[in-house]
Structure formats: C-alpha cells, structure tokens
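S.K.: Got my_file_24.cif for you, mmCIF, C-alpha atoms:
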```cif
data_protein
#
loop_
_atom_site.label_atom_id
_atom_site.label_comp_id
_atom_site.auth_asym_id
_atom_site.auth_seq_id
_atom_site.Cartn_x
_atom_site.Cartn_y
_atom_site.Cartn_z
CA MET B 30 9.74 -9.21 25.43
CA ASN B 31 11.98 -12.28 25.53
CA ILE B 32 14.89 -11.80 27.92
CA ASN B 33 17.07 -14.71 28.95
CA ALA B 34 17.94 -15.46 32.57
CA LYS B 35 21.39 -13.90 32.37
CA VAL B 36 20.03 -10.65 31.03
CA THR B 37 17.25 -10.67 33.62
CA ALA B 38 19.80 -11.04 36.42
CA LYS B 39 21.78 -8.08 35.13
CA ILE B 40 18.61 -6.03 34.88
CA LYS B 41 17.80 -6.77 38.53
CA ARG B 42 21.31 -5.76 39.60
CA THR B 43 21.00 -2.44 37.79
CA ALA B 44 17.38 -1.76 38.71
CA GLY B 45 18.34 0.74 41.39
CA SER B 46 20.39 2.90 39.01
CA LEU B 47 17.73 2.66 36.34
CA LEU B 48 15.03 3.82 38.72
CA LEU B 49 17.21 6.63 39.99
CA GLY B 50 17.76 7.76 36.44
CA LEU B 51 14.05 7.40 35.79
CA LEU B 52 13.17 9.66 38.71
CA CYS B 53 15.56 12.34 37.42
CA THR B 54 14.14 12.12 33.94
CA VAL B 55 10.54 12.01 35.10
CA GLY B 56 11.26 15.17 37.07
CA LEU B 57 12.56 16.77 33.89
CA MET B 58 9.57 15.51 31.93
CA SER B 59 7.24 16.90 34.56
CA GLU B 60 8.82 20.35 34.29
CA MET B 61 8.51 20.19 30.52
CA GLY B 62 4.95 18.87 30.67
CA TYR B 63 5.91 15.36 29.57
CA ALA B 64 5.14 13.11 32.54
CA GLN B 65 1.58 11.92 32.16
CA ALA B 66 -0.60 9.31 33.85
CA ALA B 67 -0.97 5.96 32.13
CA ILE B 68 1.95 6.49 29.74
CA PRO B 69 4.50 3.70 30.23
CA VAL B 70 8.14 4.56 30.86
CA TYR B 71 10.88 2.29 29.53
CA GLY B 72 14.41 1.80 30.77
CA TYR B 73 17.10 -0.02 28.82
CA PHE B 74 19.62 -2.82 28.86
CA VAL B 75 22.81 -2.36 26.83
CA LYS B 76 23.28 -5.44 24.68
CA ASN B 77 26.28 -4.26 22.67
CA THR B 78 28.55 -1.22 22.44
CA TYR B 79 30.25 -0.15 19.22
CA PRO B 80 32.78 2.54 18.27
CA HIS B 81 31.38 5.80 16.89
CA ASP B 82 33.28 8.66 15.28
CA PRO B 83 33.63 11.29 18.06
CA GLN B 84 33.87 13.99 15.39
CA ALA B 85 30.49 13.07 13.91
CA PHE B 86 27.84 15.67 14.77
CA THR B 87 25.09 13.09 14.34
CA GLN B 88 21.86 14.41 12.85
CA GLY B 89 20.30 11.35 11.25
CA LEU B 90 20.85 7.61 11.58
CA LEU B 91 19.42 4.54 9.87
CA PHE B 92 20.26 0.87 9.47
CA LYS B 93 19.88 -0.81 6.09
CA ASP B 94 21.36 -3.85 4.37
CA GLY B 95 23.76 -4.55 7.21
CA HIS B 96 25.21 -1.06 7.50
CA LEU B 97 24.53 2.19 9.27
CA TYR B 98 23.87 5.34 7.27
CA GLU B 99 24.53 8.57 9.11
CA SER B 100 24.17 12.26 8.39
CA THR B 101 26.26 14.86 10.19
CA GLY B 102 25.76 18.58 10.69
CA GLN B 103 27.66 21.86 11.05
CA ASN B 104 28.40 24.21 8.17
CA GLY B 105 31.44 23.01 6.26
CA GLN B 106 31.34 19.60 7.98
CA SER B 107 27.95 18.22 6.95
CA SER B 108 28.08 14.80 5.32
CA LEU B 109 26.29 11.62 4.38
CA ARG B 110 28.11 8.46 5.46
CA LYS B 111 27.94 4.71 5.19
CA VAL B 112 29.37 3.17 8.35
CA GLU B 113 30.46 -0.31 9.35
CA LEU B 114 28.53 -1.16 12.50
CA THR B 115 31.10 -3.25 14.37
CA THR B 116 34.10 -0.97 13.85
CA GLY B 117 32.57 2.47 13.29
CA LYS B 118 34.68 2.74 10.13
CA VAL B 119 33.36 5.18 7.53
CA LEU B 120 33.11 3.13 4.32
CA GLN B 121 31.66 5.84 2.10
CA LYS B 122 31.23 9.57 2.50
CA SER B 123 29.78 12.49 0.59
CA MET B 124 30.18 16.07 1.80
CA LEU B 125 27.32 18.53 1.51
CA ASP B 126 27.74 22.08 0.28
CA LYS B 127 29.76 24.14 2.77
CA THR B 128 26.93 26.64 3.08
CA VAL B 129 24.39 24.17 4.48
CA PHE B 130 23.89 22.52 7.86
CA GLY B 131 22.94 18.86 7.36
CA GLU B 132 20.08 17.34 9.33
CA GLY B 133 18.08 14.09 9.39
CA ILE B 134 17.97 11.33 6.79
CA THR B 135 15.73 8.41 5.83
CA ASP B 136 15.57 5.88 3.03
CA VAL B 137 12.86 5.44 0.41
CA GLY B 138 13.52 2.52 -1.90
CA ASP B 139 17.05 2.87 -3.25
CA GLU B 140 17.29 6.54 -2.33
CA ILE B 141 18.34 8.40 0.79
CA LEU B 142 16.58 11.64 1.59
CA GLY B 143 18.30 14.33 3.63
CA LEU B 144 17.31 17.64 5.19
CA THR B 145 19.15 20.85 5.96
CA TRP B 146 18.51 22.99 9.00
CA ILE B 147 17.59 26.49 7.78
CA SER B 148 18.33 26.36 4.05
CA GLN B 149 14.82 25.03 3.28
CA THR B 150 16.44 22.54 0.91
CA GLY B 151 16.38 18.77 0.95
CA TYR B 152 18.58 16.33 -0.95
CA VAL B 153 17.86 13.00 -2.64
CA PHE B 154 20.87 10.70 -3.00
CA ASP B 155 21.36 7.37 -4.72
CA GLN B 156 21.90 4.91 -1.87
CA LYS B 157 24.71 2.99 -3.58
CA THR B 158 26.72 5.77 -5.18
CA PHE B 159 25.76 8.72 -2.91
CA LYS B 160 25.31 10.68 -6.13
CA LEU B 161 22.98 13.64 -5.73
CA LYS B 162 19.91 12.95 -7.87
CA ARG B 163 17.79 16.01 -7.11
CA LYS B 164 16.79 18.58 -4.51
CA PHE B 165 13.44 19.49 -2.98
CA SER B 166 12.14 22.47 -1.04
CA TYR B 167 10.10 22.98 2.12
CA GLN B 168 9.14 25.86 4.36
CA GLY B 169 10.68 26.38 7.78
CA GLU B 170 13.40 24.35 9.45
CA GLY B 171 14.39 20.74 8.80
CA TRP B 172 15.31 18.48 11.74
CA GLY B 173 14.48 14.76 11.47
CA LEU B 174 13.20 12.26 8.90
CA ALA B 175 11.72 8.75 8.99
CA SER B 176 9.75 6.57 6.61
CA ASP B 177 7.34 3.65 6.91
CA GLY B 178 7.31 2.88 3.19
CA LYS B 179 3.99 4.64 2.65
CA PHE B 180 4.86 8.09 3.95
CA VAL B 181 7.85 10.16 4.98
CA TYR B 182 7.70 11.85 8.37
CA MET B 183 9.53 15.12 9.02
CA SER B 184 10.19 17.07 12.23
CA ASP B 185 11.06 20.75 12.39
CA GLY B 186 11.92 21.31 16.05
CA THR B 187 8.34 22.03 17.09
CA ALA B 188 5.57 19.66 18.20
CA ALA B 189 4.46 19.24 14.57
CA ILE B 190 5.24 16.24 12.38
CA ARG B 191 4.82 16.75 8.66
CA VAL B 192 3.70 13.81 6.55
CA LEU B 193 5.14 13.81 3.04
CA ASN B 194 4.36 11.92 -0.15
CA PRO B 195 7.44 9.68 -0.65
CA LYS B 196 7.46 10.23 -4.42
CA THR B 197 6.82 13.95 -4.71
CA LEU B 198 7.91 14.92 -1.16
CA ALA B 199 4.96 17.29 -1.06
CA GLU B 200 3.29 17.70 2.32
CA VAL B 201 0.14 15.59 2.60
CA ARG B 202 -0.83 16.57 6.13
CA ARG B 203 0.69 17.27 9.52
CA PHE B 204 -0.16 16.36 13.07
CA GLU B 205 0.78 17.66 16.51
CA VAL B 206 2.48 15.33 18.96
CA LYS B 207 0.82 15.46 22.37
CA ALA B 208 1.01 13.68 25.71
CA GLU B 209 -2.23 13.89 27.66
CA GLY B 210 -3.23 16.87 25.55
CA ARG B 211 0.03 18.80 25.92
CA PRO B 212 2.17 19.51 22.84
CA ILE B 213 5.66 17.96 22.95
CA GLU B 214 8.14 20.30 21.33
CA ARG B 215 11.80 19.99 20.31
CA LEU B 216 11.18 16.76 18.41
CA ASN B 217 14.40 15.94 16.59
CA GLU B 218 15.77 12.76 14.99
CA LEU B 219 13.07 10.28 13.98
CA GLU B 220 12.87 6.54 13.37
CA MET B 221 9.97 4.25 12.53
CA VAL B 222 10.02 1.20 14.82
CA ASP B 223 7.36 -1.47 14.31
CA GLY B 224 4.68 1.06 13.42
CA GLU B 225 5.62 3.60 16.09
CA LEU B 226 7.48 6.83 15.44
CA PHE B 227 10.41 7.22 17.82
CA ALA B 228 11.64 10.79 18.33
CA ASN B 229 14.59 12.21 20.21
CA VAL B 230 13.57 15.15 22.37
CA TRP B 231 16.39 17.61 21.79
CA GLY B 232 18.42 18.41 24.90
CA ALA B 233 17.02 15.54 27.00
CA ASP B 234 18.02 11.90 27.45
CA VAL B 235 14.51 10.95 26.40
CA ILE B 236 12.89 9.35 23.36
CA ALA B 237 9.16 9.71 22.75
CA ARG B 238 7.23 6.78 21.30
CA ILE B 239 4.49 8.23 19.11
CA ASP B 240 1.41 6.77 17.46
CA PRO B 241 1.64 8.29 13.95
CA ALA B 242 -2.10 7.89 13.39
CA SER B 243 -3.13 10.01 16.38
CA GLY B 244 0.01 11.92 17.31
CA LYS B 245 -0.29 10.69 20.90
CA VAL B 246 2.77 9.78 22.95
CA VAL B 247 2.32 6.13 23.88
CA GLY B 248 5.58 5.68 25.76
CA TRP B 249 8.70 7.39 27.10
CA ILE B 250 12.18 5.87 26.84
CA ASP B 251 14.47 7.05 29.64
CA LEU B 252 18.11 6.83 28.53
CA THR B 253 19.54 8.52 31.60
CA GLY B 254 23.08 7.32 32.25
CA LEU B 255 23.58 5.70 28.86
CA LEU B 256 26.67 7.83 28.27
CA PRO B 257 27.10 10.41 31.06
CA PRO B 258 28.45 13.84 29.99
CA GLU B 259 31.82 13.18 31.64
CA GLN B 260 32.28 10.11 29.41
CA ARG B 261 31.49 11.85 26.13
CA GLY B 262 35.04 13.08 25.68
CA THR B 263 34.02 16.68 25.08
CA ALA B 264 32.72 19.65 27.00
CA ASN B 265 30.66 20.74 23.99
CA PRO B 266 27.09 21.34 25.26
CA ASP B 267 25.75 20.15 21.90
CA ALA B 268 27.06 16.60 22.52
CA VAL B 269 23.56 15.37 23.32
CA LEU B 270 21.61 12.19 22.67
CA ASN B 271 20.58 12.15 19.02
CA GLY B 272 20.41 9.22 16.63
CA ILE B 273 18.03 6.25 16.47
CA ALA B 274 18.34 3.34 14.04
CA TRP B 275 16.17 0.23 13.80
CA ASP B 276 17.20 -3.07 12.26
CA ALA B 277 13.77 -4.34 11.26
CA ARG B 278 15.02 -7.82 10.33
CA GLY B 279 17.18 -8.40 13.38
CA LYS B 280 14.87 -6.44 15.72
CA ARG B 281 17.81 -4.42 16.99
CA LEU B 282 17.61 -0.85 18.27
CA PHE B 283 20.66 1.42 18.06
CA VAL B 284 21.14 4.84 19.64
CA THR B 285 23.98 7.36 19.82
CA GLY B 286 24.58 11.08 20.20
CA LYS B 287 26.27 14.06 18.61
CA LEU B 288 30.06 13.79 19.04
CA TRP B 289 29.67 10.59 21.07
CA PRO B 290 32.53 8.05 20.92
CA LYS B 291 30.11 5.15 21.28
CA LEU B 292 26.98 3.73 19.67
CA PHE B 293 24.75 1.41 21.67
CA GLU B 294 22.47 -1.51 20.86
CA ILE B 295 19.80 -1.49 23.56
CA GLU B 296 16.82 -3.53 24.64
CA LEU B 297 13.87 -1.71 26.16
CA ILE B 298 12.43 -2.65 29.53
CA GLU B 299 9.11 -1.32 30.78
CA ILE B 300 9.85 -0.20 34.33
CA GLN B 301 6.96 2.03 35.31
CA ARG B 302 3.55 3.24 34.31
CA ARG B 303 2.67 6.73 35.40
#
```
Here is a file; write its structure as structure tokens.
M.R.:
Amino acid sequence: MNINAKVTAKIKRTAGSLLLGLLCTVGLMSEMGYAQAAIPVYGYFVKNTYPHDPQAFTQGLLFKDGHLYESTGQNGQSSLRKVELTTGKVLQKSMLDKTVFGEGITDVGDEILGLTWISQTGYVFDQKTFKLKRKFSYQGEGWGLASDGKFVYMSDGTAAIRVLNPKTLAEVRRFEVKAEGRPIERLNELEMVDGELFANVWGADVIARIDPASGKVVGWIDLTGLLPPEQRGTANPDAVLNGIAWDARGKRLFVTGKLWPKLFEIELIEIQRR
C-alpha cells in the first residue's frame, strides 16, 4: 500500500485510538466467534468525508461512471437513487412500491439489480432511466448484492452467499462464509473489491473480507470510531454501518451507514494479525 509521509504521520498519531477501537472490536468478534488466528485485521485512514442524506436508510451502495448509486429501505420509503459524490445531492430517484422494503443493489452491464427484504421479489432497472425492466423471484430474504461481471453474489442475513447467473438470475450454487471453520452470520451489504467480497456484518462496525472461491474470511476491517453513535444525529438503533462502494478505476473505497449524515472515503491499514 502506497501511503505518503503526511498520511503516515497522521496514522502514527492516531495509532493509539485505532488500536483501542481494534481491541473493542476484537472483543466483540471473539464473542461472536469472529476473531481467529492468522486472519489480518485492518484499521483505516479517512481520506475524504462527503455529505450523505441523513434520511437515507442505506441498504445498497455502488460507484459507477463517476456517481454513487444507492438503494434505501423501509416500507413506503424504499428507493433507488443516483447521487453526486461530492455534494450528496440526489440527481435521480425512483421509488419502489410502498408495500416492499428495499435492500441491496448491484450493477450488471447497463442494468441495476435490486432486492427486497421479505417480498421474495427482485427488480431489474435500466441504469440510465431507472425504468423498471422486469422482476425476478427468489426464496427467503434478500439483503445484499454484488457482482464481479461473471456472477452475482447475494446475501440473505445468514452465513450463506448465493451465487447467481447474471443473465437469468437463477441460483448456480451457494457457499457458507467461515472464519477458522466457524460460520459468520448476519452478512449484509456486499461489494466486490479486487476479487474479494466485502460484507458488512449487520449490527457491528466490522466488514469481512471474503474469498469468494472458498468462502473463507481472509481479513477483518475494524471501523470502530468512524462515526460514533453520538455523531450520527439520531437515536435510532438501526443507524448502523451499512454501505460499501468501490471505485475500481480510482481505487477508492467508500463506506457509510443507515441514516448517517456522512459518507467516507477510507484507506485500509493492516494493523494486526491474530
């Protein structure tokens, strides 16, 4: 990882707080069965901070062609949005049916795929117009989506990741995400980052880095302190970390949360191997 001297100095100054946050998160991971030997743990450096709609119940996030695309949840409030990164301004918006609870999104070609929580219905939108092109069905709950161009990956709140055919959206296979043999549940929003599947762990300030070929967790990202609860502007317990977007061209990683007033561009720093 290339980090200039100025950034390195800042990292050293904040090392104490990062490690303190790491210890808290590792304790949480241990209780949940996540902290494993030989799995690297990454901290973060905030490179940029951007405005984010504090009313957006973020369920899915992606970066494409210079803009963020975001899906929001809650019955009667679920939407698909195109967002200007630097200002947080919503440039385009399409509301989902009032009866559904929107979930994760991903892009396949010139289409955006979206899930719903318990309606067992997915949507396929035209990326440019946001026009609904068709729907698809699946069993169980829908949580997160990601794509690597060859397959679509879907989470359902368990330790399982479903692998879908990007054309038919039929399930090809599924695998269980494990760390040192233990299943990792509550996998939520997904993003493909340089061949690894990043997954928010719902309710924790933690992102799992997953090898999609084996299902093994190959790294933990500790985002403790990124936006403390008292700075989220709401007492809503659902205002948790959720939302990962990767700018493949610019090699930029963005993260946010449900109802958060900020979106962050971060750089990862390996700070400990356990």
S.K.: Evaluating the PyMOL selection byres ((chain B and resi 70) around 7) on the displayed file yields which residues, as a PyMOL selection string?
M.R.: chain B and resi 68-69+71-72+248-251+299-302
S.K.: Pull the closest atom pair for each residue of range 135-227 of chain B that gets at most 8 Å from range 84-89 of chain B, along with the distance in Å to one decimal, counting only C-alpha atoms, ordering rows by chain and then ascending residue number, as a tab-separated table.
M.R.:
```
residue	atom	partner	partner_atom	distance
B:Thr135	CA	B:Gly89	CA	7.7
B:Trp172	CA	B:Gln88	CA	7.8
B:Gly173	CA	B:Gly89	CA	6.7
B:Leu174	CA	B:Gly89	CA	7.5
B:Glu218	CA	B:Gly89	CA	6.0
B:Leu219	CA	B:Gly89	CA	7.8
```
S.K.: Which one is closest to Thr145 in chain B: B:Ser176, B:Thr158, B:Ser107, B:Thr116? Count all atoms listed in the file.
M.R.: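 Checking each of B:Ser176, B:Thr158, B:Ser107, B:Thr116 against Thr145 in chain B, counting all atoms listed in the file, the winner is B:Ser107.
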S.K.: What residues come out when you apply the PyMOL selection byres ((chain B and resi 157) around 12) to this file, written as a PyMOL selection string?
M.R.: chain B and resi 93-94+96+98+109-111+120-123+136+138-141+154-156+158-162
S.K.: Can you tell me which residues surround Leu144 in chain B at a distance of at most 10 Å, considering only C-alpha atoms, apart from same-chain residues fewer than 6 positions away, and format the answer as a PyMOL selection string?
M.R.: chain B and resi 88-89+100+129-135+150-153+164-167+170-174+183
S.K.: Do you have the CA of Glu220 in chain B-CA of Ile273 in chain B distance handy?
M.R.: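 Separation of CA of Glu220 in chain B and CA of Ile273 in chain B: 6.0 Å.
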S.K.: Would you compute the distance between CA of Asp267 in chain B and CA of Gly232 in chain B? Give it in Å to one decimal.
M.R.: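 CA of Gly232 in chain B lies 8.1 Å from CA of Asp267 in chain B.
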S.K.: For range 156-172 of chain B, I'd like the enclosing box, axis-aligned and padded by 5 Å on every side, reported as lines of an AutoDock Vina configuration file with centre and edge lengths in Å to one decimal.
M.R.:
```
center_x = 17.9
center_y = 14.7
center_z = 1.9
size_x = 27.6
size_y = 33.4
size_z = 29.6
```
S.K.: Name the residues that the PyMOL selection byres ((chain B and resi 200) around 10) pulls out of this structure, and write them as a list in words.
M.R.: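 After applying the PyMOL selection byres ((chain B and resi 200) around 10), what remains is Tyr167, Phe180, Val181, Tyr182, Met183, Arg191, Val192, Leu193, Asn194, Pro195, Thr197, Leu198, Ala199, Val201, Arg202 and Arg203 of chain B.
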S.K.: Would you mind reading off the distance between CA of Gly143 in chain B and CA of Val246 in chain B, one decimal, in Å?
M.R.: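 Between these atoms lies a distance of 25.2 Å.
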S.K.: When distances are computed from all atoms listed in the file, which of B:Pro212, B:Gly178, B:Pro258, B:Gly102 shows the smallest separation from Lys196 in chain B?
M.R.: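 Comparing B:Pro212, B:Gly178, B:Pro258, B:Gly102 against Lys196 in chain B, the winner is B:Gly178.
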S.K.: Choose the residue, out of B:Asp276, B:Glu259, B:Asp177, B:Asp223, that has the smallest atom-to-atom separation from Glu294 in chain B; count all atoms listed in the file.
M.R.: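 Checking each of B:Asp276, B:Glu259, B:Asp177, B:Asp223 against Glu294 in chain B, counting all atoms listed in the file, the winner is B:Asp276.
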S.K.: Given only C-alpha atoms as the basis, pick out the residue of B:Val222, B:Val206, B:Val137, B:Ile239 nearest to Phe283 in chain B.
M.R.: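 Looking only at the distances to Phe283 in chain B, the closest residue turns out to be B:Val222.
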S.K.: Rank nothing, just name the residue among B:Val247, B:Leu288, B:Leu256, B:Ala175 nearest to Asn217 in chain B, using only C-alpha atoms.
M.R.: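 With only C-alpha atoms as the atom set, the closest residue is B:Ala175.
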S.K.: List as number ranges by chain the protein and nucleic acid residues near Leu255 in chain B, meaning an atom at most 9 Å away when all atoms listed in the file are counted, but skip any in the same chain fewer than 3 places from it.
M.R.: B: 73, 75, 234, 252, 293
S.K.: Keeping only C-alpha atoms, write the selected residues as a PDB file, keeping the file's coordinate frame.
M.R.:
```pdb
ATOM      1  CA  TYR B  73      17.100  -0.020  28.820  1.00  0.00           C
ATOM      2  CA  VAL B  75      22.810  -2.360  26.830  1.00  0.00           C
ATOM      3  CA  ASP B 234      18.020  11.900  27.450  1.00  0.00           C
ATOM      4  CA  LEU B 252      18.110   6.830  28.530  1.00  0.00           C
ATOM      5  CA  PHE B 293      24.750   1.410  21.670  1.00  0.00           C
TER       6      PHE B 293
END
```
S.K.: Which residue gives the smallest distance to Lys287 in chain B among B:Thr115, B:Gln260, B:Ser243, B:Asn265, with all atoms listed in the file counted?
M.R.: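 The closest residue to Lys287 in chain B is B:Asn265.
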